[in-house]
Structures are given as C-alpha cells and as structure tokens.
Amino acid sequence: MKSIENIKAYCGRLKLAYTPNKINNIIIEAQQNKPTYIEFLEKVLYEETQARDYNGYLQRLRAAKLPQRYNLDEYNFHFAAGISQRQLKELRELLWMEQAYNIILMGPSGTGKTFMAAGLVYDAIKAGYKAYLFTMEEIITCLKTKDISTSAMVTYNKILRANLLAIDDIMLFPVKKDDSASFFNLINTLHEKTSIIITTNKAPTEWGQTLNDEVLASALLDRLLYRCEVVKLTGASYRLENRKNIFQNK
C-alpha cells in the first residue's frame with residue numbers, strides 16, 4: 001500500500017527506527033479496536049519509545065562487561081556477613097548516585113564483592129544509567145594506550161561519560177608510578193561527577209605500598225572516601241565452598 005510505504009519513508013527521515021517494523025501490526029490492531037486519532041498516535045509513539053528504551057538497555061548491558069552472575073535478587077545473605085538485606089535494598093534503590101556517592105566493597109577473595117558490584121551496575125543499567133565494570137588492570141591498560149589506540153580512547157570516553165564506574169580488584173597487583181599518577185588523574189576527573197564502586201581485598205592503609213607512593217594513595221583515598229559507604233564483607237570463599245570438579249566422586 002502506497003500510504004504505508006510513505007509512512008515508512010517518513011519514519012526513516014525522522015529517524016524513527018522501530019516504527020516501520022511495527023506499523024503493519026499497529027494498523028491491524030487499530031482496525032480491530034478502532035481507537036481515536038489521539039489513541040492511535042499515542043500507540044505509535046509508545047511502541048517507538050518502548051523499542052528505543054529496550055534497545056538502549058541492551059546496548060548499555062553489552063557495554064557494561066558484566067560477569068555471568070550479576071542479579072542481586074540471588075544474593076545469599078547466609079554465606080557472607082557484612083551487609084544486611086535492608087542495607088542492600090537501600091543500595092539497590094540507587095539514591096546515592098544522585099549525589100555521586102562512592103561505595104568501597106572490602107573483604108577476602110570470594111566473599112561476593114564482584115557479584116555485588118556487578119549487580120549494582122546492572123541495577124543502574126536497568127534504571128537508565130550509563131554504568132560499567134572494569135578490572136583495575138583494564139583501567140590501567142586503557143589509560144596507558146588511549147593516545148595510541150582508537151578502541152582504548154573510545155573506552156576512556158565512555159568512562160568519562162559514565163554515571164557509575166565499578167573498578168574490580170583495585171590494588172590487587174603493584175602499580176607503576178606513572179600508571180598510579182594516571183589512575184589518580186582519572187579518579188580526580190570523575191570526583192563528585194561519577195559514582196565509583198571499588199572492590200578490594202586490601203585495607204586502604206595498604207594502598208600506599210601497592211602504589212609505591214603514600215602521598216598519592218592518601219590523595220586518592222581523600223577523593224574516594226569524601227562521600228562514600230564502606231562495606232566490609234567477611235566469610236569463606238564462595239568459589240572454594242562451591243568448587244566444581246571434572247571427575248565425580250564415587
């Protein structure tokens with residue numbers, strides 16, 4: 001039908017990417033339900049908006065680089081101690097992001113720090129925020145190569161525009177002095193603009209040794225802790241407790 005083809009052409013000019021694929025079904029539904037003109041127009045715009053929102057959600061989810069498990073509905077409060085159901089519920093409401101608060105998740109390996117960080121990133125993505133999860137090593141590599149690598153510069157610009165940045169395994173390995181300075185500059189740039197989640201198995205008092213610079217570590221902590229909730233998780237390693245093996249025990 002000529003009119004439908006014209007509608008699809010107009011949608012292309014107006015950059016309505018999803019309406020052309022739905023317009024036939026929308027018209028059939030309208031012929032059956034006989035909505036008013038206003039209701040019909042509302043339906044068209046609603047379908048386009050819903051499709052855009054869902055596509056945006058999928059794009060943010062892919063860019064976030066989340067691990068396989070990230071749904072905090074599955075969080076096991078009986079396994080690790082350090083946070084209550086009410087406290088986790090408050091964190092998941094994301095009100096702290098409105099004032100660019102930070103969260104530091106501390107504890108031994110396997111106590112759920114990464115899972116919690118990934119879960120909060122996922123909740124932020126569902127709420128429409130730009131949120132990402134990177135390891136400390138990935139952040140350092142990005143900072144070192146952004147001036148010579150297009151992909152690294154793209155990642156760096158994403159980080160600068162993020163509403164929430166989760167950095168996993170911070171201070172797990174020693175950091176070179178130049179890299180420490182670059183990392184501090186990034187945190188300083190994001191300070192009071194972007195919420196940051198840190199996971200670490202080292203107390204802040206040990207960061208100076210990892211960075212090989214007590215002054216820089218102090219300045220870094222000053223910015224991270226200015227508006228911050230520190231969650232100390234304790235317990236045995238979930239991975240060791242739920243270790244899987246190749247051969248079944250008989």
# chains A, B, ... in the order shown; residues from 1 in each chain; ligands from 1
>>> select_by_dssp(residues="stretch 68-141 of chain A", states="helix (DSSP H, G or I)", output="JSON, numbers by chain")
{"A": [72, 73, 74, 85, 86, 87, 88, 89, 90, 91, 92, 95, 96, 97, 98, 99, 113, 114, 115, 116, 117, 118, 119, 120, 121, 122, 123, 124, 125, 126, 136, 137, 138, 139, 140, 141]}
>>> residues_around(residues="A:Ala117", least_positions_apart="4", cutoff="9 Å", atoms="only C-alpha atoms", output="list in words")
Tyr70, Ile103, Leu105, Gly112, Lys113, Val121, Tyr122, Leu133, Ala166, Ile167, Asp168, Ile197, Ile198 and Thr199 of chain A
>>> write_last_selection(atoms="C-alpha atoms", output="PDB file, in the first residue's frame")
ATOM      1  CA  TYR A  70      25.001 -10.194  38.355  1.00  0.00           C
ATOM      2  CA  ILE A 103      31.000   2.525  47.547  1.00  0.00           C
ATOM      3  CA  LEU A 105      33.498  -3.200  48.959  1.00  0.00           C
ATOM      4  CA  GLY A 112      30.894 -11.648  46.825  1.00  0.00           C
ATOM      5  CA  LYS A 113      32.464  -8.255  46.191  1.00  0.00           C
ATOM      6  CA  VAL A 121      25.919  -1.841  37.850  1.00  0.00           C
ATOM      7  CA  TYR A 122      23.113  -3.982  36.405  1.00  0.00           C
ATOM      8  CA  LEU A 133      32.506  -2.678  35.282  1.00  0.00           C
ATOM      9  CA  ALA A 166      32.842  -0.081  39.101  1.00  0.00           C
ATOM     10  CA  ILE A 167      36.532  -0.942  39.389  1.00  0.00           C
ATOM     11  CA  ASP A 168      37.161  -4.539  40.366  1.00  0.00           C
ATOM     12  CA  ILE A 197      32.350   1.349  43.197  1.00  0.00           C
ATOM     13  CA  ILE A 198      35.637  -0.153  44.330  1.00  0.00           C
ATOM     14  CA  THR A 199      36.221  -3.801  45.190  1.00  0.00           C
TER      15      THR A 199
END
>>> residues_around(residues="A:Gly82", least_positions_apart="4", cutoff="7 Å", atoms="only C-alpha atoms", output="count of residues only")
4
>>> atom_distance(atom1="atom CA of A:Lys65", atom2="atom CA of A:Leu190")
19.7 Å
>>> residues_around(residues="A:Asn76", least_positions_apart="5", cutoff="12 Å", atoms="only C-alpha atoms", output="list in words")
Asn71, Ala81, Gly82, Ile83, Ser84, Gln85, Leu88, Thr111, Gly112, Phe115, Met116, Gly235 and Tyr238 of chain A
>>> select_by_dssp(residues="stretch 78-112 of chain A", states="strand (DSSP E or B)", output="ChimeraX atom specification")
/A:81,102-106
>>> closest_atom_pairs(of="stretch 146-172 of chain A", to="stretch 51-62 of chain A", cutoff="12 Å", atoms="only C-alpha atoms", output="CSV")
residue,atom,partner,partner_atom,distance
A:Lys158,CA,A:Arg60,CA,10.7
A:Ala162,CA,A:Arg60,CA,10.6
A:Asn163,CA,A:Arg60,CA,11.6
A:Leu164,CA,A:Arg60,CA,11.8
>>> closest_residue(among="A:Val154, A:Ile148, A:Ile196, A:Met171", to="A:Ala131", atoms="only C-alpha atoms")
A:Ile196
>>> residues_around(residues="A:Leu94", least_positions_apart="6", cutoff="9 Å", atoms="only C-alpha atoms", output="compact mmCIF listing (two decimals) with C-alpha atoms, in the first residue's frame")
# COMPACT_ATOMS: atom_id res chain seq x y z
CA LEU A 120 24.62 -2.65 41.33
CA ASP A 123 20.51 -2.20 38.55
CA ALA A 124 21.87 1.14 37.34
CA ALA A 127 17.30 2.36 35.68
>>> closest_residue(among="A:Ile187, A:Ile125, A:Ile104, A:Ala118", to="A:Leu66", atoms="only C-alpha atoms")
A:Ala118
>>> atom_distance(atom1="atom CA of A:Asn25", atom2="atom CA of A:Cys11")
15.6 Å
>>> residues_around(residues="A:Ile27", least_positions_apart="4", cutoff="12 Å", atoms="only C-alpha atoms", output="PyMOL selection string")
chain A and resi 3-4+7+19-23+31-35+40-41+43-44
>>> write_last_selection(atoms="N, CA and C atoms", output="JSON list (two decimals), in the first residue's frame")
[["chain", "number", "residue", "atom", "x", "y", "z"],
["A", 3, "SER", "N", 0.39, 4.33, 0.98],
["A", 3, "SER", "CA", 0.40, 5.14, 2.20],
["A", 3, "SER", "C", 1.34, 4.55, 3.26],
["A", 4, "ILE", "N", 1.34, 3.23, 3.38],
["A", 4, "ILE", "CA", 2.21, 2.59, 4.37],
["A", 4, "ILE", "C", 3.67, 2.78, 3.98],
["A", 7, "ILE", "N", 4.60, 6.19, 4.95],
["A", 7, "ILE", "CA", 4.79, 6.28, 6.40],
["A", 7, "ILE", "C", 6.19, 5.77, 6.77],
["A", 19, "THR", "N", 9.42, 1.99, 14.32],
["A", 19, "THR", "CA", 8.03, 2.07, 13.86],
["A", 19, "THR", "C", 7.79, 1.36, 12.54],
["A", 20, "PRO", "N", 8.69, 1.47, 11.55],
["A", 20, "PRO", "CA", 8.43, 0.78, 10.27],
["A", 20, "PRO", "C", 8.20, -0.72, 10.42],
["A", 21, "ASN", "N", 8.88, -1.35, 11.36],
["A", 21, "ASN", "CA", 8.72, -2.79, 11.55],
["A", 21, "ASN", "C", 7.43, -3.15, 12.29],
["A", 22, "LYS", "N", 6.84, -2.16, 12.95],
["A", 22, "LYS", "CA", 5.66, -2.42, 13.77],
["A", 22, "LYS", "C", 4.38, -1.86, 13.16],
["A", 23, "ILE", "N", 4.53, -1.01, 12.14],
["A", 23, "ILE", "CA", 3.38, -0.24, 11.67],
["A", 23, "ILE", "C", 2.26, -1.13, 11.15],
["A", 31, "GLN", "N", -7.53, -1.22, 13.29],
["A", 31, "GLN", "CA", -8.74, -1.58, 12.53],
["A", 31, "GLN", "C", -9.69, -2.43, 13.35],
["A", 32, "GLN", "N", -9.12, -3.23, 14.26],
["A", 32, "GLN", "CA", -9.95, -4.09, 15.10],
["A", 32, "GLN", "C", -10.52, -3.33, 16.30],
["A", 33, "ASN", "N", -9.68, -2.51, 16.94],
["A", 33, "ASN", "CA", -10.09, -1.85, 18.19],
["A", 33, "ASN", "C", -10.68, -0.46, 17.96],
["A", 34, "LYS", "N", -10.46, 0.11, 16.78],
["A", 34, "LYS", "CA", -11.00, 1.42, 16.41],
["A", 34, "LYS", "C", -10.70, 2.50, 17.47],
["A", 35, "PRO", "N", -9.43, 2.78, 17.74],
["A", 35, "PRO", "CA", -9.08, 3.84, 18.70],
["A", 35, "PRO", "C", -9.36, 5.22, 18.11],
["A", 40, "PHE", "N", -4.51, 6.42, 18.68],
["A", 40, "PHE", "CA", -3.69, 5.78, 17.66],
["A", 40, "PHE", "C", -2.29, 6.39, 17.63],
["A", 41, "LEU", "N", -2.24, 7.73, 17.65],
["A", 41, "LEU", "CA", -0.94, 8.41, 17.64],
["A", 41, "LEU", "C", -0.14, 8.06, 18.90],
["A", 43, "LYS", "N", -0.30, 5.32, 20.55],
["A", 43, "LYS", "CA", 0.16, 3.95, 20.41],
["A", 43, "LYS", "C", 1.42, 3.89, 19.56],
["A", 44, "VAL", "N", 1.44, 4.63, 18.47],
["A", 44, "VAL", "CA", 2.60, 4.65, 17.58],
["A", 44, "VAL", "C", 3.84, 5.15, 18.33]]
